[in-house]
file target.csv (CSV, C-alpha atoms)
chain,number,residue,atom,x,y,z
A,68,MET,CA,124.7,40.9,104.1
A,69,ARG,CA,125.3,44.6,104.5
A,70,GLY,CA,126.4,46.8,101.6
A,71,PRO,CA,128.7,49.8,101.9
A,72,GLY,CA,127.2,52.8,103.6
A,73,ARG,CA,124.4,51.1,105.3
A,74,GLY,CA,124.0,51.8,108.9
A,75,GLU,CA,123.2,49.9,112.0
A,76,ASP,CA,119.6,51.0,112.1
A,77,GLU,CA,118.8,49.1,109.0
A,78,ASP,CA,115.8,46.9,109.3
A,79,GLU,CA,116.5,43.6,107.6
A,80,GLY,CA,113.9,42.8,105.0
A,81,GLU,CA,112.3,46.2,105.1
A,82,ARG,CA,113.2,48.0,101.9
A,83,THR,CA,110.2,50.3,101.7
A,84,VAL,CA,112.3,53.4,102.5
A,85,ARG,CA,115.7,54.4,101.1
A,86,VAL,CA,117.4,57.5,102.4
A,87,ARG,CA,120.4,59.2,100.9
A,88,LEU,CA,121.1,62.2,103.0
A,89,GLY,CA,124.0,63.5,105.1
A,90,ASP,CA,126.5,61.6,102.9
A,91,VAL,CA,125.1,58.2,103.8
A,92,GLU,CA,122.6,55.8,102.3
A,93,ARG,CA,120.2,53.9,104.6
A,94,PHE,CA,117.4,51.5,104.1
A,95,GLY,CA,114.5,50.7,106.4
A,96,ARG,CA,111.6,51.9,108.5
A,97,ALA,CA,113.8,53.5,111.2
A,98,VAL,CA,116.6,55.7,109.9
A,99,ASP,CA,118.7,57.7,112.3
A,100,LEU,CA,120.7,60.5,110.9
A,101,THR,CA,121.3,62.3,114.2
A,102,GLY,CA,124.5,64.3,114.1
A,103,ARG,CA,124.9,64.3,110.3
A,104,GLY,CA,123.8,67.9,109.9
A,105,VAL,CA,120.7,67.0,107.9
A,106,ASP,CA,118.3,70.0,107.8
A,107,PRO,CA,114.8,68.8,108.9
A,108,GLU,CA,113.0,70.9,106.2
A,109,THR,CA,115.2,69.4,103.5
A,110,ALA,CA,114.5,65.9,104.8
A,111,LEU,CA,110.8,66.6,104.8
A,112,ARG,CA,110.8,68.0,101.3
A,113,ALA,CA,112.7,64.9,100.1
A,114,VAL,CA,110.1,62.6,101.8
A,115,ARG,CA,107.2,64.4,100.2
A,116,ASP,CA,108.6,65.0,96.7
A,117,PRO,CA,108.3,61.9,94.6
A,118,ALA,CA,110.8,63.2,92.2
A,119,ASP,CA,113.4,63.8,94.9
A,120,ASP,CA,115.4,60.5,95.0
A,121,ARG,CA,117.3,61.4,98.2
A,122,VAL,CA,114.3,59.7,100.0
A,123,VAL,CA,112.5,57.0,98.1
A,124,CYS,CA,109.3,55.9,100.0
A,125,PRO,CA,105.6,55.4,99.5
A,126,ALA,CA,103.5,58.5,98.8
A,127,PRO,CA,102.7,60.6,101.9
A,128,GLY,CA,99.0,60.2,102.6
A,129,PRO,CA,96.6,62.9,103.8
A,130,ALA,CA,97.9,62.9,107.4
A,131,HIS,CA,101.6,63.5,106.4
A,132,GLU,CA,100.9,67.1,105.6
A,133,ARG,CA,99.9,67.7,109.2
A,134,VAL,CA,102.1,65.3,111.2
A,135,GLY,CA,104.9,64.4,108.8
A,136,MET,CA,107.3,66.4,110.9
A,137,VAL,CA,107.5,66.2,114.7
A,138,ASP,CA,109.0,69.5,115.8
A,139,GLY,CA,107.8,72.0,118.4
A,140,SER,CA,105.5,74.0,116.2
A,141,SER,CA,101.8,73.7,116.9
A,142,VAL,CA,99.2,72.0,114.8
A,143,PRO,CA,95.6,73.1,114.2
A,144,PRO,CA,93.7,70.4,116.2
A,145,LEU,CA,90.6,70.0,114.0
A,146,ALA,CA,92.4,70.0,110.7
A,147,THR,CA,95.0,67.6,112.0
A,148,LEU,CA,92.4,65.1,113.4
A,149,ALA,CA,90.5,65.4,110.2
A,150,ALA,CA,93.6,64.5,108.2
A,151,VAL,CA,94.3,61.6,110.5
A,152,ALA,CA,90.7,60.3,109.9
A,153,ARG,CA,91.2,60.7,106.2
A,154,SER,CA,94.4,58.6,106.3
A,155,LEU,CA,92.3,55.9,108.0
A,156,GLY,CA,89.9,55.9,105.1
A,157,GLU,CA,87.1,57.8,106.9
A,158,ARG,CA,84.8,59.9,104.7
A,159,ALA,CA,82.6,62.9,105.7
A,160,SER,CA,78.9,62.9,105.0
A,161,VAL,CA,79.3,66.2,103.1
A,162,ASP,CA,82.0,64.8,100.8
A,163,GLY,CA,79.6,64.3,97.9
A,164,ARG,CA,78.3,67.8,98.1
A,165,LEU,CA,81.9,69.1,98.4
A,166,ALA,CA,82.9,67.3,95.3
A,167,GLU,CA,79.9,68.7,93.4
A,168,ARG,CA,80.7,72.3,94.5
A,169,ARG,CA,84.3,71.9,93.7
A,170,ALA,CA,83.5,70.6,90.2
A,171,GLU,CA,81.1,73.5,89.7
A,172,LEU,CA,83.7,76.0,90.8
A,173,GLU,CA,86.1,74.3,88.3
A,174,ARG,CA,83.5,74.7,85.5
A,175,THR,CA,82.6,78.3,86.4
A,176,PRO,CA,84.7,80.7,84.3
A,177,ALA,CA,86.3,83.8,85.7
A,178,PRO,CA,86.1,86.2,82.9
A,179,THR,CA,87.8,89.6,83.4
A,180,PRO,CA,85.7,92.7,83.0
A,181,GLU,CA,87.6,94.9,80.5
A,182,VAL,CA,86.1,98.3,81.1
A,183,ALA,CA,89.2,100.4,81.6
A,184,PRO,CA,90.1,100.9,77.9
A,185,ALA,CA,86.5,102.1,77.2
A,186,ARG,CA,86.6,104.5,80.2
A,187,GLU,CA,89.9,105.9,79.0
A,188,ARG,CA,88.5,106.4,75.5
A,189,VAL,CA,85.6,108.3,76.9
A,190,ALA,CA,87.8,110.5,79.1
A,191,GLU,CA,90.1,111.3,76.1
A,192,ALA,CA,87.1,112.0,73.8
A,193,ARG,CA,85.6,114.3,76.4
A,194,GLY,CA,88.9,116.2,76.8
A,195,ARG,CA,89.2,116.6,73.0
A,196,VAL,CA,85.7,118.0,72.7
A,197,GLU,CA,86.6,120.5,75.4
A,198,GLU,CA,89.8,121.6,73.7
A,199,ARG,CA,88.1,122.0,70.3
A,200,ARG,CA,85.2,123.9,71.8
A,201,GLU,CA,87.6,126.4,73.2
A,202,ARG,CA,89.4,126.6,69.9
A,203,VAL,CA,86.1,127.4,68.1
A,204,ALA,CA,85.4,130.1,70.7
A,205,THR,CA,88.8,131.7,70.1
A,206,LEU,CA,88.5,131.6,66.4
A,207,GLN,CA,85.0,133.2,66.6
A,208,GLY,CA,86.6,136.0,68.5
A,209,ARG,CA,89.3,136.4,65.9
A,210,LEU,CA,86.8,136.5,63.1
A,211,GLN,CA,84.8,139.1,64.9
A,212,ALA,CA,87.9,141.2,65.3
A,213,ALA,CA,88.8,140.8,61.6
A,214,ARG,CA,85.3,141.9,60.6
A,215,GLU,CA,85.6,145.0,62.7
A,216,VAL,CA,88.9,145.8,61.1
A,217,GLY,CA,87.2,145.2,57.8
A,218,GLU,CA,90.2,143.6,56.0
A,219,SER,CA,88.7,141.1,53.6
A,220,ALA,CA,91.8,138.8,53.3
A,221,ALA,CA,92.2,138.5,57.1
A,222,GLU,CA,88.4,137.9,57.3
A,223,ARG,CA,88.4,135.1,54.8
A,224,ASP,CA,91.4,133.5,56.5
A,225,ALA,CA,89.6,133.7,59.8
A,226,GLU,CA,86.4,132.2,58.3
A,227,GLU,CA,88.3,129.3,56.9
A,228,ARG,CA,90.1,128.5,60.1
A,229,LEU,CA,86.8,128.7,62.0
A,230,ALA,CA,85.1,126.4,59.5
A,231,ASP,CA,88.0,123.8,60.0
A,232,ALA,CA,87.7,124.1,63.8
A,233,VAL,CA,83.9,123.7,63.7
A,234,ARG,CA,84.4,120.5,61.6
A,235,GLU,CA,87.0,119.2,64.0
A,236,LEU,CA,84.7,119.9,66.9
A,237,SER,CA,81.9,118.0,65.3
A,238,GLU,CA,84.2,115.0,64.6
A,239,ALA,CA,85.3,115.1,68.3
A,240,GLU,CA,81.6,115.1,69.3
A,241,THR,CA,80.9,112.1,67.1
A,242,GLU,CA,83.8,110.3,68.7
A,243,ARG,CA,82.6,111.2,72.1
A,244,LEU,CA,79.2,109.6,71.4
A,245,ALA,CA,80.8,106.5,69.9
A,246,ALA,CA,83.0,106.2,73.0
A,247,ALA,CA,80.1,106.6,75.3
A,248,GLU,CA,78.2,103.8,73.5
A,249,ALA,CA,81.3,101.6,73.6
A,250,LEU,CA,81.6,102.2,77.3
A,251,GLU,CA,77.9,101.3,77.8
A,252,ARG,CA,78.5,98.0,76.0
A,253,ALA,CA,81.6,97.3,77.9
A,254,ARG,CA,79.8,97.9,81.2
A,255,ASN,CA,77.1,95.5,80.2
A,256,GLU,CA,79.6,92.8,79.4
A,257,ALA,CA,81.4,93.6,82.7
A,258,ARG,CA,78.2,93.0,84.5
A,259,GLU,CA,78.1,89.4,83.2
A,260,ALA,CA,81.7,88.8,84.0
A,261,ARG,CA,81.1,90.0,87.5
A,262,ASP,CA,78.0,87.7,87.8
A,263,ALA,CA,80.3,84.8,87.1
A,264,ARG,CA,82.9,86.0,89.6
A,265,GLU,CA,80.2,86.5,92.2
A,266,ARG,CA,79.1,82.9,91.6
A,267,ARG,CA,82.6,81.7,92.1
A,268,LEU,CA,82.9,83.6,95.4
A,269,GLU,CA,79.6,82.1,96.6
A,270,LEU,CA,80.9,78.6,95.7
A,271,GLN,CA,84.2,79.2,97.4
A,272,ASP,CA,82.4,80.4,100.6
A,273,HIS,CA,80.1,77.4,100.4
A,274,ILE,CA,83.1,75.0,99.9
A,275,ASP,CA,84.8,76.6,103.0
A,276,ASN,CA,81.7,76.0,105.1
A,277,LEU,CA,81.4,72.4,103.9
A,278,GLU,CA,85.1,71.8,104.5
A,279,ARG,CA,84.6,73.1,108.1
A,280,GLU,CA,81.7,70.7,108.6
A,281,ALA,CA,83.7,67.8,107.2
A,282,ARG,CA,86.7,68.6,109.4
A,283,ALA,CA,84.5,68.7,112.5
A,284,GLU,CA,82.8,65.5,111.6
A,285,LEU,CA,86.0,63.6,110.8
A,286,ALA,CA,87.8,64.9,113.9
A,287,ARG,CA,84.9,63.7,116.1
A,288,ARG,CA,85.4,60.1,114.8
A,289,VAL,CA,89.1,59.9,115.8
A,290,ARG,CA,89.1,62.1,118.8
A,291,PRO,CA,88.8,59.3,121.4
A,292,ARG,CA,91.8,57.5,119.8
A,293,ALA,CA,93.8,60.8,119.7
A,294,ASP,CA,93.0,61.5,123.3
A,295,ALA,CA,94.2,58.1,124.3
A,296,ALA,CA,97.3,58.4,122.2
A,297,ALA,CA,98.1,61.8,123.8
A,298,VAL,CA,97.9,60.3,127.2
A,299,ALA,CA,100.1,57.4,126.2
A,300,THR,CA,102.7,59.5,124.4
A,301,PRO,CA,106.1,59.2,126.1
A,302,GLY,CA,107.0,62.4,128.0
A,303,SER,CA,103.4,63.7,127.8
A,304,ARG,CA,101.4,65.2,130.7
A,305,ALA,CA,98.3,65.8,128.6
A,306,THR,CA,95.0,64.3,129.5
A,307,ARG,CA,93.5,65.0,126.0
A,308,PHE,CA,94.7,65.8,122.5
A,309,ASP,CA,93.5,69.4,122.3
A,310,ALA,CA,95.4,70.4,125.4
A,311,ALA,CA,98.6,68.5,124.5
A,312,ASP,CA,101.9,70.3,123.9
A,313,PRO,CA,102.8,70.5,120.1
A,314,VAL,CA,105.3,67.6,120.2
A,315,THR,CA,102.8,65.3,122.0
A,316,ALA,CA,100.0,66.4,119.7
A,317,ARG,CA,102.0,65.6,116.6
A,318,LEU,CA,103.2,62.2,118.0
A,319,ALA,CA,99.7,61.2,119.1
A,320,ALA,CA,98.2,62.2,115.8
A,321,ALA,CA,100.9,60.3,113.9
A,322,ARG,CA,100.3,57.2,116.1
A,323,VAL,CA,96.6,57.2,115.2
A,324,ALA,CA,97.1,58.0,111.6
A,325,ASP,CA,98.0,55.5,108.9
A,326,LEU,CA,101.4,56.9,107.6
A,327,ARG,CA,103.3,55.2,104.9
A,328,ALA,CA,106.0,57.8,104.3
A,329,PRO,CA,108.5,58.5,107.0
A,330,VAL,CA,107.8,60.9,109.8
A,331,VAL,CA,110.7,63.3,110.3
A,332,LEU,CA,111.6,63.4,114.0
A,333,VAL,CA,113.3,66.5,115.2
A,334,ARG,CA,112.3,66.2,118.9
A,335,ARG,CA,113.4,63.3,121.0
A,336,ARG,CA,110.8,61.4,123.0
A,337,PHE,CA,112.0,57.9,122.2
A,338,ASP,CA,115.0,55.8,122.8
A,339,GLY,CA,116.1,55.6,119.2
A,340,ALA,CA,114.5,55.6,115.8
A,341,LYS,CA,113.4,52.0,116.1
A,342,ALA,CA,111.4,52.5,119.2
A,343,ALA,CA,109.8,55.6,117.6
A,344,ALA,CA,108.9,53.6,114.5
A,345,ALA,CA,107.4,50.8,116.6
A,346,TRP,CA,105.3,53.2,118.8
A,347,LEU,CA,104.1,55.3,115.8
A,348,ASP,CA,103.7,52.2,113.6
A,349,ALA,CA,105.2,54.3,110.8
A,350,PRO,CA,108.5,54.7,109.2
A,351,VAL,CA,110.6,57.4,110.8
A,352,LEU,CA,113.6,59.5,109.8
A,353,ARG,CA,115.4,61.0,112.8
A,354,VAL,CA,117.5,64.0,112.1
B,195,MET,CA,81.4,108.7,97.1
B,196,LEU,CA,83.2,105.8,95.7
B,197,LEU,CA,81.5,102.4,95.8
B,198,VAL,CA,84.0,99.6,95.9
B,199,VAL,CA,82.7,96.1,95.4
B,200,THR,CA,85.0,93.0,95.6
B,201,TYR,CA,84.5,89.7,93.7
B,202,SER,CA,87.0,87.3,95.2
B,203,ARG,CA,88.2,86.2,98.6
B,204,GLY,CA,91.6,87.9,98.2
B,205,ALA,CA,90.0,91.2,97.2
B,206,ARG,CA,87.5,91.0,100.0
B,207,ASP,CA,90.3,90.4,102.6
B,208,SER,CA,92.2,93.4,101.2
B,209,LEU,CA,89.1,95.6,101.3
B,210,ARG,CA,88.6,94.6,105.0
B,211,ASN,CA,92.3,95.5,105.7
B,212,VAL,CA,92.0,98.8,103.9
B,213,CYS,CA,88.8,99.6,105.9
B,214,ARG,CA,90.5,98.8,109.1
B,215,THR,CA,93.7,100.8,108.4
B,216,HIS,CA,92.1,103.8,106.7
B,217,GLU,CA,88.9,104.5,108.7
B,218,SER,CA,89.0,108.2,107.9
B,219,SER,CA,88.7,107.6,104.2
B,220,VAL,CA,86.0,104.9,104.5
B,221,VAL,CA,82.4,106.0,105.0
B,222,ARG,CA,80.9,102.6,105.4
B,223,ARG,CA,81.6,98.9,104.8
B,224,PHE,CA,79.1,96.3,103.9
B,225,GLY,CA,80.5,92.8,103.7
B,226,ARG,CA,82.4,92.7,100.5
B,227,ALA,CA,81.7,96.3,99.5
B,228,ALA,CA,82.4,99.7,100.9
B,229,LEU,CA,81.9,103.4,100.4
B,230,PHE,CA,85.0,105.5,100.3
B,231,GLU,CA,85.2,109.3,100.7
B,232,PRO,CA,85.2,111.1,97.4
B,233,THR,CA,88.8,112.4,98.0
B,234,HIS,CA,92.1,111.8,96.2
B,235,HIS,CA,92.9,109.4,99.1
B,236,GLY,CA,89.6,107.5,98.6
B,237,ALA,CA,90.5,107.2,94.9
B,238,PHE,CA,94.0,106.1,95.7
B,239,LEU,CA,92.8,103.3,98.0
B,240,ALA,CA,90.2,102.1,95.4
B,241,LEU,CA,92.8,102.1,92.6
B,242,ARG,CA,95.3,100.3,94.8
B,243,LEU,CA,92.7,97.6,95.4
B,244,ARG,CA,92.0,97.3,91.7
B,245,GLU,CA,95.7,97.1,90.8
B,246,LYS,CA,96.2,94.4,93.4
B,247,HIS,CA,93.2,92.3,92.3
B,248,PRO,CA,92.6,92.9,88.6
B,249,GLY,CA,89.1,91.9,87.6
B,250,ASP,CA,87.9,91.5,91.1
B,251,VAL,CA,87.3,95.1,92.2
B,252,GLN,CA,84.6,97.2,90.8
B,253,VAL,CA,84.6,101.0,91.5
B,254,GLU,CA,81.7,103.2,90.9
B,255,ARG,CA,81.1,106.8,91.7
B,256,THR,CA,77.9,107.5,93.6
B,257,SER,CA,76.0,110.7,93.9
B,258,PRO,CA,73.5,111.7,96.6
B,259,PHE,CA,69.9,111.0,95.8
B,260,ASN,CA,67.5,113.8,96.3
B,261,GLU,CA,64.0,112.5,95.8
B,262,PHE,CA,62.6,116.0,95.5
B,263,ALA,CA,65.0,116.8,92.6
B,264,ASP,CA,65.8,113.5,91.1
B,265,ALA,CA,62.5,111.6,91.2
B,266,PRO,CA,59.4,113.0,89.6
B,267,ASP,CA,56.5,113.9,91.9
B,268,PRO,CA,54.2,111.0,90.7
B,269,VAL,CA,56.9,108.4,91.5
B,270,ARG,CA,57.4,109.9,95.0
B,271,GLU,CA,53.7,110.1,95.6
B,272,ALA,CA,53.1,106.5,94.3
B,273,ALA,CA,55.7,105.2,96.7
B,274,ARG,CA,54.0,106.9,99.6
B,275,ALA,CA,50.5,105.9,98.7
B,276,TYR,CA,51.4,102.3,98.0
B,277,GLU,CA,53.2,101.9,101.4
B,278,ASP,CA,50.1,103.4,103.0
B,279,ARG,CA,47.7,101.0,101.2
B,280,ASP,CA,44.9,99.2,103.1
B,281,ALA,CA,45.4,95.7,101.7
B,282,PRO,CA,49.0,94.6,102.3
B,283,SER,CA,48.7,91.8,99.8
B,284,THR,CA,47.8,94.0,96.8
B,285,PRO,CA,50.7,94.0,94.3
B,286,TYR,CA,51.7,97.4,93.0
B,287,ALA,CA,50.5,96.8,89.5
B,288,ALA,CA,47.0,96.1,90.7
B,289,PHE,CA,47.2,99.1,93.1
B,290,ALA,CA,48.2,101.5,90.4
B,291,ALA,CA,45.7,100.2,87.8
B,292,GLY,CA,42.9,102.7,87.2
B,293,THR,CA,44.6,105.4,89.2
B,294,ASP,CA,46.9,108.3,88.4
B,295,HIS,CA,49.9,106.4,89.8
B,296,PRO,CA,52.4,105.3,87.2
B,297,ALA,CA,52.4,101.7,85.9
B,298,PRO,CA,55.5,99.7,86.8
B,299,GLU,CA,56.4,99.1,83.2
B,300,ARG,CA,56.3,102.8,82.4
B,301,MET,CA,58.6,103.6,85.4
B,302,ARG,CA,61.0,100.9,84.2
B,303,GLU,CA,61.3,102.5,80.8
B,304,ARG,CA,62.1,106.0,82.1
B,305,ASP,CA,65.5,107.0,83.3
B,306,LEU,CA,66.1,109.4,86.1
B,307,GLU,CA,67.4,112.8,85.1
B,308,SER,CA,71.1,112.9,85.6
call {"tool": "encode", "arguments": {"input": "target.csv", "output": "structure tokens"}}
result
Amino acid sequence: MRGPGRGEDEDEGERTVRVRLGDVERFGRAVDLTGRGVDPETALRAVRDPADDRVVCPAPGPAHERVGMVDGSSVPPLATLAAVARSLGERASVDGRLAERRAELERTPAPTPEVAPARERVAEARGRVEERRERVATLQGRLQAAREVGESAAERDAEERLADAVRELSEAETERLAAAEALERARNEAREARDARERRLELQDHIDNLEREARAELARRVRPRADAAAVATPGSRATRFDAADPVTARLAAARVADLRAPVVLVRRRFDGAKAAAAWLDAPVLRV
Amino acid sequence: MLLVVTYSRGARDSLRNVCRTHESSVVRRFGRAALFEPTHHGAFLALRLREKHPGDVQVERTSPFNEFADAPDPVREAARAYEDRDAPSTPYAAFAAGTDHPAPERMRERDLES
């Protein structure tokens, strides 16, 4: 019993994948949308996004990120094989340490050293002291001149101005000292903030190293299977996985991996989507 | 010179790129830190890094160290005498005790003239 819009590729009884793309609705493990103008990237996004109901399927596992699309772009061999191993439930011996380091990184705060406002305050205070010092010098000169002229009103006026300027200078100097102390405090706090950031950087570097170790170890475990799959891939001339062309490498990795979400096939190596799904032992979506 | 220290991977990568592209303004690079020339361009590069990675780039201004002007004679002499000591295992505190050489605590308390 076929419903409207369902195609010939429908696998009876297999309802794990539903695809609504290119104006049609299809069900099954092998869906062929060739010639319907479906953009591969759009299809891939729909497969991976659980909220996108254009493709309803099981969650893509760890290998899907690497081999969920078979096109001509190259794959990083180690990372791909490691993801394949993860999809098969393999664990690396450093996984425990990796989890600890990641948790510690999560817990380590990244406080921001806030020293710029304190530096600006110091610079402004220094400028103001300079200005007021010059003003005091100018007014001292004027007072001197007034005294030489000997006019008492002008002299008194100059004395008053000078007294004001001296008071303002002393205020500016007090502010400069306060600003310098505030900067010293801010610098000490910044040192602590930077200690924390330095610790985060160390942790991140350590995590990178552990991840590299984990990738190498996991890749080793599936490499024989991946090499065999690369040799067996239709249209392949490769003798091992690392030397395979990108399409062969992707197909070989997908065959070894445990994939529940559809693999988006852009390149043709099989006689139809069903043959591809059978060989890969994974749902496929041909566009 | 300007001492530029980075505190994240992104900032470290940017510093590496700056050092590669602006060799003439970079005096030296040490891992995640570098010394820039004390020029407007050196300051420009340091400030750009700080704008790009707020919180992850520290910039300090360094000045040349002249031990004959900046460090008091007893400190200079103590360093020379200690490195010339007969027993390599003697810690400095023990070496200085009972001599004219300054005690480590005393040196810690005193700032250099600036």
call {"tool": "interface_residues", "arguments": {"input": "target.csv", "of": "chain A", "to": "chain B", "cutoff": "7 Å", "atoms": "only C-alpha atoms", "output": "mmCIF file with C-alpha atoms, keeping the file's coordinate frame"}}
result
data_model
loop_
_atom_site.group_PDB
_atom_site.id
_atom_site.type_symbol
_atom_site.label_atom_id
_atom_site.label_comp_id
_atom_site.auth_asym_id
_atom_site.auth_seq_id
_atom_site.Cartn_x
_atom_site.Cartn_y
_atom_site.Cartn_z
ATOM 1 C CA THR A 179 87.800 89.600 83.400
ATOM 2 C CA PRO A 180 85.700 92.700 83.000
ATOM 3 C CA ARG A 264 82.900 86.000 89.600
ATOM 4 C CA GLU A 265 80.200 86.500 92.200
ATOM 5 C CA LEU A 268 82.900 83.600 95.400
#
call {"tool": "atom_distance", "arguments": {"input": "target.csv", "atom1": "CA of Ser283 (chain B)", "atom2": "CA of Pro298 (chain B)"}}
result
16.7 Å
call {"tool": "atom_distance", "arguments": {"input": "target.csv", "atom1": "CA of Val161 (chain A)", "atom2": "CA of Val134 (chain A)"}}
result
24.2 Å
call {"tool": "residues_around", "arguments": {"input": "target.csv", "residues": "Tyr286 (chain B)", "least_positions_apart": "6", "cutoff": "10 Å", "atoms": "all atoms listed in the file", "output": "number ranges by chain"}}
result
B: 272-273, 276-277, 279, 295-298
call {"tool": "write_last_selection", "arguments": {"input": "target.csv", "atoms": "C-alpha atoms", "output": "PDB file, in the coordinates of the input"}}
result
ATOM      1  CA  ALA B 272      53.100 106.500  94.300  1.00  0.00           C
ATOM      2  CA  ALA B 273      55.700 105.200  96.700  1.00  0.00           C
ATOM      3  CA  TYR B 276      51.400 102.300  98.000  1.00  0.00           C
ATOM      4  CA  GLU B 277      53.200 101.900 101.400  1.00  0.00           C
ATOM      5  CA  ARG B 279      47.700 101.000 101.200  1.00  0.00           C
ATOM      6  CA  HIS B 295      49.900 106.400  89.800  1.00  0.00           C
ATOM      7  CA  PRO B 296      52.400 105.300  87.200  1.00  0.00           C
ATOM      8  CA  ALA B 297      52.400 101.700  85.900  1.00  0.00           C
ATOM      9  CA  PRO B 298      55.500  99.700  86.800  1.00  0.00           C
TER      10      PRO B 298
END
call {"tool": "atom_distance", "arguments": {"input": "target.csv", "atom1": "CA of Met301 (chain B)", "atom2": "CA of Ala247 (chain A)"}}
result
23.9 Å
call {"tool": "residues_around", "arguments": {"input": "target.csv", "residues": "Arg267 (chain A)", "least_positions_apart": "6", "cutoff": "12 Å", "atoms": "all atoms listed in the file", "output": "list of chain:residue names"}}
result
A:Arg168, A:Arg169, A:Ala170, A:Glu171, A:Leu172, A:Glu173, A:Arg174, A:Thr175, A:Pro176, A:Ala177, A:Pro178, A:Ala260, A:Arg261, A:His273, A:Ile274, B:Tyr201, B:Ser202, B:Arg203, B:Asp250
call {"tool": "residues_around", "arguments": {"input": "target.csv", "residues": "Ala299 (chain A)", "least_positions_apart": "2", "cutoff": "12 Å", "atoms": "all atoms listed in the file", "output": "JSON, numbers by chain"}}
result
{"A": [292, 293, 294, 295, 296, 297, 301, 302, 303, 304, 305, 306, 307, 308, 311, 315, 316, 318, 319, 320, 322, 323, 336, 346, 347]}
call {"tool": "residues_around", "arguments": {"input": "target.csv", "residues": "Arg223 (chain B)", "least_positions_apart": "4", "cutoff": "12 Å", "atoms": "only C-alpha atoms", "output": "short mmCIF file (atom, residue, chain, number, x, y, z; two decimals) with C-alpha atoms, in the coordinates of the input"}}
result
data_model
loop_
_atom_site.label_atom_id
_atom_site.label_comp_id
_atom_site.auth_asym_id
_atom_site.auth_seq_id
_atom_site.Cartn_x
_atom_site.Cartn_y
_atom_site.Cartn_z
CA LEU B 196 83.20 105.80 95.70
CA LEU B 197 81.50 102.40 95.80
CA VAL B 198 84.00 99.60 95.90
CA VAL B 199 82.70 96.10 95.40
CA THR B 200 85.00 93.00 95.60
CA ARG B 206 87.50 91.00 100.00
CA LEU B 209 89.10 95.60 101.30
CA ARG B 210 88.60 94.60 105.00
CA ASN B 211 92.30 95.50 105.70
CA VAL B 212 92.00 98.80 103.90
CA CYS B 213 88.80 99.60 105.90
CA ARG B 214 90.50 98.80 109.10
CA HIS B 216 92.10 103.80 106.70
CA GLU B 217 88.90 104.50 108.70
CA SER B 219 88.70 107.60 104.20
CA ALA B 227 81.70 96.30 99.50
CA ALA B 228 82.40 99.70 100.90
CA LEU B 229 81.90 103.40 100.40
CA PHE B 230 85.00 105.50 100.30
CA GLU B 231 85.20 109.30 100.70
#
call {"tool": "residues_around", "arguments": {"input": "target.csv", "residues": "Asp119 (chain A)", "least_positions_apart": "3", "cutoff": "12 Å", "atoms": "all atoms listed in the file", "output": "PyMOL selection string"}}
result
chain A and resi 85-88+109-116+122-124+126
call {"tool": "closest_residue", "arguments": {"input": "target.csv", "among": "B:Leu241, B:Ala290, B:Val220, B:Pro232", "to": "Ser257 (chain B)", "atoms": "all atoms listed in the file"}}
result
B:Pro232
call {"tool": "closest_residue", "arguments": {"input": "target.csv", "among": "A:Ser140, A:Glu278, A:Glu218, A:Asp309", "to": "Ser160 (chain A)", "atoms": "all atoms listed in the file"}}
result
A:Glu278
call {"tool": "decode", "arguments": {"input": "target.csv", "residues": "region 240-249 of chain B", "atoms": "N, CA and C atoms", "output": "PDB file, in the first residue's frame"}}
result
ATOM      1  N   ALA B 240      50.663  45.994  19.018  1.00  0.00           N
ATOM      2  CA  ALA B 240      50.287  45.493  20.347  1.00  0.00           C
ATOM      3  C   ALA B 240      48.830  45.840  20.650  1.00  0.00           C
ATOM      4  N   LEU B 241      48.432  47.054  20.322  1.00  0.00           N
ATOM      5  CA  LEU B 241      47.059  47.484  20.612  1.00  0.00           C
ATOM      6  C   LEU B 241      46.054  46.751  19.748  1.00  0.00           C
ATOM      7  N   ARG B 242      46.445  46.462  18.514  1.00  0.00           N
ATOM      8  CA  ARG B 242      45.540  45.693  17.651  1.00  0.00           C
ATOM      9  C   ARG B 242      45.292  44.317  18.242  1.00  0.00           C
ATOM     10  N   LEU B 243      46.360  43.694  18.747  1.00  0.00           N
ATOM     11  CA  LEU B 243      46.195  42.378  19.366  1.00  0.00           C
ATOM     12  C   LEU B 243      45.257  42.473  20.571  1.00  0.00           C
ATOM     13  N   ARG B 244      45.424  43.546  21.345  1.00  0.00           N
ATOM     14  CA  ARG B 244      44.593  43.678  22.539  1.00  0.00           C
ATOM     15  C   ARG B 244      43.126  43.922  22.169  1.00  0.00           C
ATOM     16  N   GLU B 245      42.913  44.694  21.103  1.00  0.00           N
ATOM     17  CA  GLU B 245      41.530  44.928  20.651  1.00  0.00           C
ATOM     18  C   GLU B 245      40.897  43.632  20.174  1.00  0.00           C
ATOM     19  N   LYS B 246      41.713  42.821  19.496  1.00  0.00           N
ATOM     20  CA  LYS B 246      41.193  41.597  18.895  1.00  0.00           C
ATOM     21  C   LYS B 246      40.913  40.532  19.945  1.00  0.00           C
ATOM     22  N   HIS B 247      41.719  40.515  21.015  1.00  0.00           N
ATOM     23  CA  HIS B 247      41.569  39.477  22.041  1.00  0.00           C
ATOM     24  C   HIS B 247      41.507  40.126  23.422  1.00  0.00           C
ATOM     25  N   PRO B 248      40.391  40.776  23.746  1.00  0.00           N
ATOM     26  CA  PRO B 248      40.307  41.495  25.019  1.00  0.00           C
ATOM     27  C   PRO B 248      40.547  40.518  26.182  1.00  0.00           C
ATOM     28  N   GLY B 249      41.374  40.939  27.119  1.00  0.00           N
ATOM     29  CA  GLY B 249      41.626  40.108  28.293  1.00  0.00           C
ATOM     30  C   GLY B 249      42.729  39.089  28.103  1.00  0.00           C
TER      31      GLY B 249
END
